[in-house]
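A.B. asks: There's a structure below that I have some questions on.
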Amino acid sequence: MENSTSSTYPDHVHNDDLEGVDVRSTLVRRLFVKNFLFQLISMTVRSGYLFLLSILVARYWGAEVYGQYAALVAFMMVFRFAVDWGMNRMIVRQVARERENVTKFVSTSLLLMLIMASFAVVVIFAADQIADVSKGNKLLLSMASLWIILNVTGMFFSGVFYAFERMELDTWTVLAGFGVSLALIFIFLPNYSPSLVILMTIMTLGQLVNVLISVGIYLKYIGGFRPRINLALMRTTLVLAIPFGLQVLLQRESNLHIVFLNMFQGNLTTGYYRAAEAIALFPGLLSTLMGNVMYPLFSRAFQKSMGTFSGLLQKGIHYMLMSSLPVAIGIFILAEPILKLVYGSPYAASALYMRLLSLSLPLTFVGGILATTLTSADRQGQRTAVLAATAFIHLSLSLWLIPAYAAIGASIAVLLAYGFWFLMLLALTWRAFGWHYKVANARPILFASVLMTGIILLVSSWSILMIVLCAAIVYGATLLLADRVLQHDIRQLHIANFLRTIRRNSKEL
């Protein structure tokens, strides 16, 4: 078994100023950035795959078929929790802390997942009797069920790779699986009549390739399988996974508003709304990416050094603010031309939904880091409680607003639910760890955002691609000149040596 790169933590933080926090050694800082870059690739491909697929379905098959497809995918995502009850997240924490027991943890977890997946299929078919997302097509529902099971299995192995801080292993599996699927989709969609059964079959094949390659890489680089029934260990594993499973269930509840919109307003309205939501919330993958990369770091830092833990939290908040504000501003101002470019002119009517949803991005980015700190500090129960309260509020608002206000009601429900979620996480994190982030450090971000907004308005008559390029250059250059935190971290990376390290690791793989 190949051991992952080891890391050491400083015993303390040198001073309270964020600029001077020596959170990690240069070696580990490079490892973090390498993992972040590889995860950026895999998360972009993973989320971009569904995003690109939504564009193709909407363009070639129209808003009504796209609405049914979106409702089916949202329905299946709600039941992801039933396949593994959060074991793909639990495995990150447990393996990161006990890497020598990876074979035992993986074997037991996969056996439990096989049992739970069988029950999950029964639940999915029963729930479809009420929601009728399959429109009576049992073959379609069967393929969708197999797709979600393989999807969860692939994410489980991704969790193992995360725990070993070998994110590049996950990247290769994602590129292979979704590459095969996209190649088949590009052949099928433009040339054949709409068939969600065939589309779901292609998606399932892509997931199967992902899982098979993941298993091969796991056996070669990480560990093995020991398929023994150990009831005591299975019970312990399930107990550890339950809080994560509840978290997955409550997070996937957010997909229910798509199902409700489809039930109350039909496929066409669902298609137009989902087009706006797919673009507005797509940047949220950066928040998920940061959480995935920092989760094992937070978990170990909590046990070894609270100074390191505090420094990681500060950096996470700072970079999430830096990432989310310009994206939210750009989507809000340029909603209509973006929709026309991506989905076509008919979807410009969805601009209002997109603007409302874009306001939630800063909340989701910063809230994601706060949630990760709670989980890694053994406060998963608090995070789950927040998700439960948020889910209740979101469901209540959706059932109230969607029948009366259709897609606008769905957008407002999402925005209000994210606002509540963020405030609760902020309060819990502040209470548990104190407030470490200095507001003064956000001034360069705010200044760069204001300057970027002026540039967007000034060149609004240009093409959308040129506007985005100019805005990105202005924003990035302003931060490089004004943000001391960013300048400090860039200096610490020693870029030339860092690039040589990446090339060396790629050759070893």
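In the structure tokens, the first chain shown is A, the next is B, and so on; residue numbers restart at 1 for each chain, and ligands run from 1 in the order shown.
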May I have the residues within 8 Å of region 200-211 of chain A as a count of residues only, using only C-alpha atoms and disregarding those fewer than 3 positions away in the same chain?

C.D. replies: 24

A.B. asks: Would you write out, as a tab-separated table, a table of all residues in region 280-366 of chain A that have an atom no more than 12 Å from an atom of region 81-91 of chain A, listing for each the closest atom pair and the distance in Å to one decimal, considering only C-alpha atoms and ordering rows by chain and rising residue number?

C.D. replies:
```
residue	atom	partner	partner_atom	distance
A:Gly291	CA	A:Arg89	CA	11.3
A:Asn292	CA	A:Arg89	CA	9.4
A:Tyr295	CA	A:Arg89	CA	9.7
A:Pro296	CA	A:Ile91	CA	10.5
A:Ser299	CA	A:Met90	CA	11.6
```

A.B. asks: Excluding Phe188 (chain A) and any residue of its chain fewer than 4 positions from it, enumerate the residues within 9 Å of it, using only C-alpha atoms, and give them as a PyMOL selection string.

C.D. replies: chain A and resi 183-184+192-193+198-199

A.B. asks: Report as a Markdown table the residues of region 303-349 of chain A within 12 Å of region 416-432 of chain A, each with its shortest atom pair and distance in Å (one decimal), using only C-alpha atoms, ordered by chain and increasing residue number.

C.D. replies:
```
| residue | atom | partner | partner_atom | distance |
| --- | --- | --- | --- | --- |
| A:Met306 | CA | A:Ala432 | CA | 11.9 |
| A:Ser310 | CA | A:Thr429 | CA | 11.1 |
| A:Leu313 | CA | A:Thr429 | CA | 10.0 |
| A:Gln314 | CA | A:Thr429 | CA | 11.9 |
| A:Ile317 | CA | A:Leu426 | CA | 11.1 |
```

A.B. asks: Write out, as a CSV table (one decimal), in the first residue's frame, the residues just selected, with C-alpha atoms.

C.D. replies:
```csv
chain,number,residue,atom,x,y,z
A,306,MET,CA,-6.3,24.8,18.2
A,310,SER,CA,-8.3,28.7,14.2
A,313,LEU,CA,-11.0,28.8,9.8
A,314,GLN,CA,-9.8,32.3,9.2
A,317,ILE,CA,-13.7,32.4,5.5
```

A.B. asks: Need the shell around Ala131 (chain A): protein/DNA/RNA residues with any atom at most 10 Å away, counting only C-alpha atoms. Skip same-chain ones fewer than 2 positions apart. Format as a PyMOL selection string?

C.D. replies: chain A and resi 71-72+75+126-129+133-135+259-260+262-263

A.B. asks: So which residues touch region 47-58 of chain A within 9 Å, counting only C-alpha atoms, skipping near sequence neighbours fewer than 4 positions away, as a list of chain:residue names?

C.D. replies: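 Contacts, with the query itself left out: A:Ser42, A:Met43, A:Gly62, A:Ala63, A:Glu64, A:Val65, A:Tyr66, A:Gly67, A:Tyr69, A:Ala70, A:Phe178, A:Gly179, A:Ser181, A:Leu182, A:Ile185, A:Phe186, A:Leu189, A:Pro190, A:Pro194, A:Gly271, A:Arg274, A:Ala275, A:Ala278, A:Ile279, A:Phe282, A:Leu285, A:Val342, A:Tyr343, A:Gly344.
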
A.B. asks: Pick out the residues sitting within 10 Å of region 324-340 of chain A, and hand them over as a ChimeraX atom specification; count only C-alpha atoms, and ignore anything fewer than 4 positions along from it in its own chain.

C.D. replies: /A:275-276,279-281,283-284,286-287,319-320,344-366,445-446,448-450,452-453,456-457,460,463-465,467-468,471-472,475

A.B. asks: Could you dump the residues just selected with C-alpha atoms as a short mmCIF file (atom, residue, chain, number, x, y, z; two decimals), in the first residue's frame?

C.D. replies:
```cif
data_model
loop_
_atom_site.label_atom_id
_atom_site.label_comp_id
_atom_site.auth_asym_id
_atom_site.auth_seq_id
_atom_site.Cartn_x
_atom_site.Cartn_y
_atom_site.Cartn_z
CA ALA A 275 -32.33 26.57 -16.05
CA ALA A 276 -31.91 29.64 -13.83
CA ILE A 279 -26.49 28.56 -13.42
CA ALA A 280 -27.04 30.57 -10.23
CA LEU A 281 -26.10 27.77 -7.84
CA PRO A 283 -20.59 28.18 -8.49
CA GLY A 284 -21.45 26.58 -5.14
CA LEU A 286 -16.28 25.89 -5.08
CA SER A 287 -17.65 25.90 -1.55
CA TYR A 319 -11.15 32.89 0.53
CA MET A 320 -14.82 32.04 0.43
CA GLY A 344 -30.95 30.20 -25.70
CA SER A 345 -33.22 33.24 -26.04
CA PRO A 346 -36.46 31.61 -24.73
CA TYR A 347 -34.84 31.14 -21.32
CA ALA A 348 -34.17 34.86 -20.82
CA ALA A 349 -37.55 34.94 -19.08
CA SER A 350 -35.88 33.14 -16.16
CA ALA A 351 -33.60 36.11 -15.35
CA LEU A 352 -35.57 37.20 -12.27
CA TYR A 353 -35.30 33.73 -10.71
CA MET A 354 -31.57 33.75 -11.40
CA ARG A 355 -31.03 37.15 -9.75
CA LEU A 356 -32.89 36.11 -6.61
CA LEU A 357 -30.93 32.87 -6.33
CA SER A 358 -27.55 34.56 -6.90
CA LEU A 359 -27.99 36.52 -3.66
CA SER A 360 -27.55 33.28 -1.72
CA LEU A 361 -24.03 32.57 -3.00
CA PRO A 362 -22.02 34.46 -0.31
CA LEU A 363 -24.15 32.72 2.33
CA THR A 364 -23.52 29.24 0.90
CA PHE A 365 -19.78 29.80 0.42
CA VAL A 366 -18.99 31.07 3.92
CA ILE A 445 -12.40 42.19 -1.36
CA LEU A 446 -15.17 44.79 -1.04
CA ALA A 448 -12.29 45.00 -5.70
CA SER A 449 -15.97 44.01 -5.95
CA VAL A 450 -17.10 47.64 -6.21
CA MET A 452 -15.50 45.23 -10.78
CA THR A 453 -19.16 46.29 -10.67
CA ILE A 456 -19.28 45.64 -15.77
CA LEU A 457 -21.69 48.59 -16.01
CA SER A 460 -22.28 46.55 -20.62
CA SER A 463 -20.26 40.79 -25.61
CA ILE A 464 -20.87 38.75 -22.47
CA LEU A 465 -17.56 36.91 -22.77
CA ILE A 467 -17.44 41.62 -20.07
CA VAL A 468 -16.63 38.60 -17.91
CA ALA A 471 -14.31 41.99 -14.88
CA ALA A 472 -12.14 39.02 -13.89
CA TYR A 475 -10.98 41.99 -9.82
#
```

A.B. asks: Using DSSP on the backbone coordinates, identify the residues of region 316-471 of chain A assigned to alpha helix (DSSP H); present them as a ChimeraX atom specification.

C.D. replies: /A:316-333,335-342,351-358,361-376,380-433,443-458,464-471

A.B. asks: Which of these, A:Gln265, A:Ile124, A:Gly367, A:Arg235, has the shortest distance to Leu111 (chain A) once you count only C-alpha atoms?

C.D. replies: A:Arg235

A.B. asks: Find the distance between CA of Thr375 (chain A) and CA of Gly307 (chain A) and write it in Å to one decimal.

C.D. replies: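 Computing it gives 17.6 Å between the two atoms.
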
A.B. asks: Grab the CA of Val78 (chain A) to CA of Arg383 (chain A) distance for me, in Å with one decimal place.

C.D. replies: 18.6 Å
